[in-house]
file upload12.tsv (TSV, C-alpha atoms)
chain	number	residue	atom	x	y	z
A	1	MET	CA	0.00	0.00	0.00
A	2	ASN	CA	1.50	3.17	-1.09
A	3	GLU	CA	1.74	5.97	1.54
A	4	SER	CA	0.40	9.15	0.28
A	5	SER	CA	2.44	12.29	1.10
A	6	PHE	CA	0.81	15.53	2.48
A	7	GLN	CA	1.28	18.62	0.34
A	8	GLU	CA	0.32	22.14	1.47
A	9	PRO	CA	-2.38	23.48	-0.80
A	10	GLN	CA	-1.26	26.31	-3.03
A	11	PRO	CA	-3.42	29.39	-3.54
A	12	GLU	CA	-5.33	29.44	-6.70
A	13	ASP	CA	-4.68	32.04	-9.35
A	14	GLY	CA	-6.16	35.40	-8.39
A	15	GLU	CA	-6.47	34.62	-4.66
A	16	ASN	CA	-5.06	37.20	-2.25
A	17	THR	CA	-2.23	36.22	-0.03
A	18	ALA	CA	-2.44	36.67	3.77
A	19	LYS	CA	-0.43	39.98	3.75
A	20	PRO	CA	-0.94	42.22	0.74
A	21	ASP	CA	2.13	43.91	-0.68
A	22	ASN	CA	0.44	47.42	-0.50
A	23	CYS	CA	-0.41	47.37	3.27
A	24	GLU	CA	0.37	50.78	4.88
A	25	PRO	CA	1.93	51.01	8.42
A	26	GLU	CA	-0.29	52.30	11.24
A	27	LYS	CA	-0.10	56.04	11.84
A	28	PRO	CA	1.07	57.06	15.34
A	29	MET	CA	-1.53	58.69	17.63
A	30	PRO	CA	-1.01	62.49	18.08
A	31	GLU	CA	0.58	63.45	21.41
A	32	GLU	CA	-1.61	65.39	23.86
A	33	ASP	CA	-0.68	69.10	24.31
A	34	ASP	CA	-0.09	69.56	28.05
A	35	THR	CA	1.19	73.18	27.78
A	36	GLN	CA	-2.31	74.71	28.01
A	37	PRO	CA	-2.97	73.65	31.65
A	38	GLN	CA	0.50	74.88	32.59
A	39	LYS	CA	-0.20	78.33	31.10
A	40	SER	CA	-3.53	78.54	32.93
A	41	SER	CA	-1.89	77.60	36.23
A	42	ALA	CA	0.86	80.21	35.75
A	43	ALA	CA	-1.73	82.92	35.06
A	44	LYS	CA	-3.63	82.01	38.23
A	45	MET	CA	-0.44	82.16	40.30
A	46	GLU	CA	0.42	85.57	38.86
A	47	ILE	CA	-3.05	86.91	39.75
A	48	PHE	CA	-2.72	85.45	43.24
A	49	ASP	CA	0.68	87.14	43.71
A	50	TRP	CA	-0.78	90.49	42.63
A	51	LEU	CA	-3.68	90.11	45.06
A	52	GLN	CA	-1.23	89.35	47.87
A	53	CYS	CA	0.73	92.51	47.07
A	54	VAL	CA	-2.44	94.65	47.01
A	55	VAL	CA	-3.71	93.25	50.31
A	56	LEU	CA	-0.31	93.71	51.95
A	57	ALA	CA	-0.12	97.33	50.73
A	58	ILE	CA	-3.59	98.06	52.14
A	59	VAL	CA	-2.66	96.51	55.51
A	60	ILE	CA	0.56	98.57	55.67
A	61	VAL	CA	-1.31	101.81	54.88
A	62	ILE	CA	-3.96	101.10	57.53
A	63	PHE	CA	-1.28	100.21	60.09
A	64	PHE	CA	0.64	103.39	59.25
A	65	PHE	CA	-2.35	105.69	59.68
A	66	VAL	CA	-3.58	103.97	62.83
A	67	PHE	CA	-0.29	103.97	64.74
A	68	PHE	CA	2.02	106.51	63.12
A	69	ALA	CA	0.14	109.26	61.30
A	70	ARG	CA	-3.22	110.67	60.33
A	71	THR	CA	-4.63	113.06	57.77
A	72	ILE	CA	-6.20	116.39	58.59
A	73	GLY	CA	-7.76	119.17	56.54
A	74	VAL	CA	-6.64	122.79	56.76
A	75	ASP	CA	-9.45	125.25	57.39
A	76	GLY	CA	-8.71	128.90	56.66
A	77	ILE	CA	-5.90	131.06	55.28
A	78	SER	CA	-3.80	131.68	58.40
A	79	MET	CA	-0.94	129.52	57.09
A	80	LEU	CA	-0.58	131.02	53.60
A	81	ASN	CA	1.56	130.51	51.61
A	82	THR	CA	2.78	127.31	53.23
A	83	LEU	CA	-0.69	125.78	53.52
A	84	HIS	CA	-3.88	126.82	51.79
A	85	ASP	CA	-7.52	126.49	52.73
A	86	LYS	CA	-8.82	122.91	52.24
A	87	ASP	CA	-5.33	121.39	51.91
A	88	MET	CA	-5.09	117.80	53.11
A	89	VAL	CA	-1.94	117.05	55.08
A	90	ILE	CA	-0.36	114.14	56.94
A	91	MET	CA	0.72	114.69	60.51
A	92	SER	CA	2.42	112.48	63.08
A	93	ASN	CA	3.07	112.62	66.81
A	94	LEU	CA	5.27	109.52	66.98
A	95	PHE	CA	8.16	110.30	69.35
A	96	TYR	CA	7.53	113.97	68.61
A	97	THR	CA	9.20	116.80	70.50
A	98	PRO	CA	8.44	120.36	69.31
A	99	LYS	CA	11.22	122.29	67.58
A	100	ASN	CA	11.52	125.84	66.35
A	101	GLY	CA	9.97	126.22	62.93
A	102	ASP	CA	7.78	123.10	63.07
A	103	VAL	CA	4.26	123.35	61.67
A	104	ILE	CA	2.01	121.72	64.27
A	105	VAL	CA	-1.61	120.80	64.84
A	106	PHE	CA	-2.99	121.42	68.32
A	107	GLN	CA	-6.23	121.64	70.22
A	108	SER	CA	-6.87	125.09	71.64
A	109	GLU	CA	-7.96	125.46	75.26
A	110	SER	CA	-10.33	128.20	74.18
A	111	GLU	CA	-13.97	127.28	73.58
A	112	ALA	CA	-13.87	129.62	70.60
A	113	PHE	CA	-12.10	126.92	68.57
A	114	GLU	CA	-13.73	123.51	68.35
A	115	ALA	CA	-11.52	122.21	65.54
A	116	PRO	CA	-7.74	121.79	65.91
A	117	LEU	CA	-5.55	124.69	64.78
A	118	VAL	CA	-2.52	124.65	62.50
A	119	LYS	CA	0.33	127.08	63.30
A	120	ARG	CA	4.11	127.34	63.27
A	121	VAL	CA	6.29	127.01	66.38
A	122	ILE	CA	8.20	130.25	66.90
A	123	ALA	CA	9.71	129.67	70.34
A	124	LEU	CA	10.05	126.92	72.94
A	125	GLU	CA	9.85	127.00	76.72
A	126	ASP	CA	12.15	129.50	78.45
A	127	GLN	CA	12.85	131.31	75.17
A	128	VAL	CA	12.05	135.02	74.98
A	129	VAL	CA	9.87	136.34	72.15
A	130	ASP	CA	9.61	139.94	71.05
A	131	ILE	CA	8.16	141.57	67.93
A	132	ASP	CA	8.94	144.93	66.33
A	133	PHE	CA	5.60	145.85	64.77
A	134	THR	CA	7.17	148.76	62.92
A	135	THR	CA	9.59	146.65	60.90
A	136	GLY	CA	7.75	143.35	61.28
A	137	ASP	CA	10.84	141.62	62.71
A	138	VAL	CA	10.41	138.75	65.15
A	139	PHE	CA	13.07	138.19	67.83
A	140	VAL	CA	13.78	135.00	69.76
A	141	ASP	CA	16.29	135.40	72.58
A	142	GLY	CA	17.23	138.81	71.16
A	143	VAL	CA	18.03	137.51	67.64
A	144	ILE	CA	15.95	138.26	64.54
A	145	ILE	CA	14.78	134.94	63.12
A	146	ASN	CA	14.87	134.24	59.40
A	147	GLU	CA	11.35	133.62	58.14
A	148	PRO	CA	11.27	132.88	54.39
A	149	TYR	CA	7.94	131.09	54.81
A	150	ILE	CA	5.79	134.07	55.87
A	151	TYR	CA	3.10	135.50	53.59
A	152	ASP	CA	3.53	139.04	54.93
A	153	THR	CA	5.56	140.83	57.59
A	154	THR	CA	4.20	140.91	61.14
A	155	PHE	CA	2.30	144.14	61.71
A	156	SER	CA	-0.78	142.92	63.60
A	157	ARG	CA	-0.26	143.16	67.36
A	158	TYR	CA	-3.49	141.67	68.71
A	159	GLN	CA	-3.01	141.52	72.50
A	160	PHE	CA	0.73	140.87	72.39
A	161	SER	CA	2.95	142.91	74.70
A	162	GLY	CA	6.59	141.85	74.64
A	163	PRO	CA	9.08	140.72	75.38
A	164	VAL	CA	7.43	137.48	76.57
A	165	THR	CA	9.09	134.43	78.10
A	166	VAL	CA	7.55	131.13	77.03
A	167	GLU	CA	6.21	129.15	79.96
A	168	LYS	CA	7.38	125.68	80.95
A	169	GLY	CA	5.71	122.97	78.90
A	170	HIS	CA	4.44	125.48	76.34
A	171	VAL	CA	5.33	126.79	72.88
A	172	PHE	CA	4.72	130.15	71.22
A	173	VAL	CA	3.05	129.80	67.80
A	174	MET	CA	2.08	132.07	64.92
A	175	GLY	CA	0.49	131.57	61.51
A	176	ASP	CA	2.57	132.26	58.39
A	177	ASN	CA	-0.10	134.70	57.20
A	178	ARG	CA	0.82	136.97	60.08
A	179	ASN	CA	-1.84	139.63	59.62
A	180	ASN	CA	-4.67	137.09	59.23
A	181	SER	CA	-3.89	134.62	61.98
A	182	THR	CA	-5.24	134.20	65.50
A	183	ASP	CA	-2.30	132.73	67.39
A	184	SER	CA	-0.14	133.19	70.50
A	185	ARG	CA	-0.31	136.97	70.08
A	186	ALA	CA	-4.05	136.80	70.80
A	187	SER	CA	-5.62	136.15	74.18
A	188	ALA	CA	-7.97	133.61	72.56
A	189	VAL	CA	-5.04	131.25	71.86
A	190	ARG	CA	-2.06	132.36	73.98
A	191	GLN	CA	0.86	130.01	74.48
A	192	VAL	CA	0.13	126.38	73.62
A	193	ASP	CA	0.43	123.59	76.18
A	194	THR	CA	2.60	120.89	74.57
A	195	ARG	CA	0.21	118.23	75.90
A	196	LEU	CA	-2.41	119.62	73.51
A	197	ILE	CA	-0.21	119.18	70.45
A	198	LEU	CA	-1.68	116.48	68.21
A	199	GLY	CA	1.34	116.22	65.94
A	200	ARG	CA	3.66	117.79	63.43
A	201	VAL	CA	2.59	118.39	59.83
A	202	LEU	CA	4.86	116.33	57.60
A	203	PHE	CA	3.43	116.16	54.10
A	204	LEU	CA	0.91	117.89	51.86
A	205	VAL	CA	-1.00	115.12	50.06
A	206	VAL	CA	-3.92	116.92	48.39
A	207	PRO	CA	-3.82	120.65	47.61
A	208	GLY	CA	-6.94	122.67	48.26
A	209	GLY	CA	-8.86	124.16	45.37
A	210	ASP	CA	-8.35	127.77	44.31
A	211	GLU	CA	-11.21	130.22	43.84
A	212	ASP	CA	-11.80	128.86	40.33
A	213	GLY	CA	-11.79	125.27	41.63
A	214	SER	CA	-8.40	124.35	40.17
A	215	ARG	CA	-5.67	122.65	42.22
A	216	ASP	CA	-1.94	123.27	42.09
A	217	TRP	CA	-0.67	119.69	42.18
A	218	SER	CA	2.93	120.85	42.12
A	219	ARG	CA	2.53	121.84	45.79
A	220	ILE	CA	2.39	118.21	46.87
A	221	GLY	CA	5.39	117.34	49.02
A	222	PRO	CA	7.01	117.70	52.43
A	223	VAL	CA	6.03	120.69	54.58
A	224	SER	CA	9.43	122.21	55.31
A	225	LYS	CA	10.50	124.66	57.92
call {"tool": "encode", "arguments": {"input": "upload12.tsv", "output": "structure tokens"}}
result
Amino acid sequence: MNESSFQEPQPEDGENTAKPDNCEPEKPMPEEDDTQPQKSSAAKMEIFDWLQCVVLAIVIVIFFFVFFARTIGVDGISMLNTLHDKDMVIMSNLFYTPKNGDVIVFQSESEAFEAPLVKRVIALEDQVVDIDFTTGDVFVDGVIINEPYIYDTTFSRYQFSGPVTVEKGHVFVMGDNRNNSTDSRASAVRQVDTRLILGRVLFLVVPGGDEDGSRDWSRIGPVSK
């Protein structure tokens, strides 16, 4: 009996093989763009940093004005040309000791003045003040003081009769607009008790409006002696 041999069947003519010659390779999947979430996160962090800076600045300003300084409005023309009516200024009494030439804010003992007054310190305790109302010269301890800040020379006497020695714990004050200022020359104000001084004027922050409503913004700055 003849053994028959096994032969693998051959594909018939026209039959496709298992792997066609024109088969294209698979295209790779596009990579996900992860830069967009990173940009969004960076923007949020930048906004958060700005908010922190704004909040910190507000806290510092509040702390400064609560413990170190305060703003006050000028009422009247007695301090021309240094300060004008409706000026807004910053004052401070932190570790303050009055000095000659300082512009101060104080509460008058007189019932005639409910609001604090703004004047300039002319003399301290134990100093002697005298005024020549003919020439307008002001003397402290016998020496004419240099006053480049005054609006006009001192001709108004009020109730002053000199020479006058400044009392202990007091200062002698006058307005820079000498002939339109109620100050230590007048019995309504007299010498100022240093315990009634609220602070020294440091800075002009908002200039008052002129008669036509305009403001001279160039005046903003430190209030010098």
call {"tool": "closest_residue", "arguments": {"input": "upload12.tsv", "among": "A:Arg190, A:Arg178, A:Lys44, A:Arg70", "to": "A:Phe203", "atoms": "all atoms listed in the file"}}
result
A:Arg70
call {"tool": "residues_around", "arguments": {"input": "upload12.tsv", "residues": "A:Ser184", "least_positions_apart": "5", "cutoff": "6 Å", "atoms": "only C-alpha atoms", "output": "PDB file with C-alpha atoms, keeping the file's coordinate frame"}}
result
ATOM      1  CA  PHE A 172       4.720 130.150  71.220  1.00  0.00           C
ATOM      2  CA  VAL A 173       3.050 129.800  67.800  1.00  0.00           C
ATOM      3  CA  VAL A 189      -5.040 131.250  71.860  1.00  0.00           C
ATOM      4  CA  ARG A 190      -2.060 132.360  73.980  1.00  0.00           C
ATOM      5  CA  GLN A 191       0.860 130.010  74.480  1.00  0.00           C
TER       6      GLN A 191
END
call {"tool": "closest_residue", "arguments": {"input": "upload12.tsv", "among": "A:Val206, A:Val171, A:Leu51, A:Val128", "to": "A:Asn100", "atoms": "all atoms listed in the file"}}
result
A:Val171
call {"tool": "residues_around", "arguments": {"input": "upload12.tsv", "residues": "A:Val201", "least_positions_apart": "6", "cutoff": "10 Å", "atoms": "all atoms listed in the file", "output": "list in words"}}
result
Ala69, Arg70, Thr71, Ile72, Val89, Ile90, Met91, Ser92, Asn93, Asp102, Val103, Ile104, Val105, Val118, Lys119, Arg120, Pro222, Val223 and Ser224 of chain A
call {"tool": "closest_residue", "arguments": {"input": "upload12.tsv", "among": "A:Asp193, A:Asp152, A:Asp130, A:Glu211", "to": "A:Asp176", "atoms": "only C-alpha atoms"}}
result
A:Asp152
call {"tool": "closest_residue", "arguments": {"input": "upload12.tsv", "among": "A:Phe113, A:Trp50, A:Phe95, A:Phe139", "to": "A:Thr165", "atoms": "only C-alpha atoms"}}
result
A:Phe139
call {"tool": "residues_around", "arguments": {"input": "upload12.tsv", "residues": "A:Arg219", "least_positions_apart": "5", "cutoff": "10 Å", "atoms": "only C-alpha atoms", "output": "list in words"}}
result
Thr82, Leu83, Asp87, Leu204, Val205, Val206, Pro207 and Gly208 of chain A
call {"tool": "atom_distance", "arguments": {"input": "upload12.tsv", "atom1": "atom CA of A:Leu202", "atom2": "atom CA of A:Val74"}}
result
13.2 Å
call {"tool": "closest_residue", "arguments": {"input": "upload12.tsv", "among": "A:His84, A:Glu167, A:Ile58, A:Glu111", "to": "A:Val192", "atoms": "all atoms listed in the file"}}
result
A:Glu167
call {"tool": "atom_distance", "arguments": {"input": "upload12.tsv", "atom1": "atom CA of A:His170", "atom2": "atom CA of A:Lys86"}}
result
27.6 Å
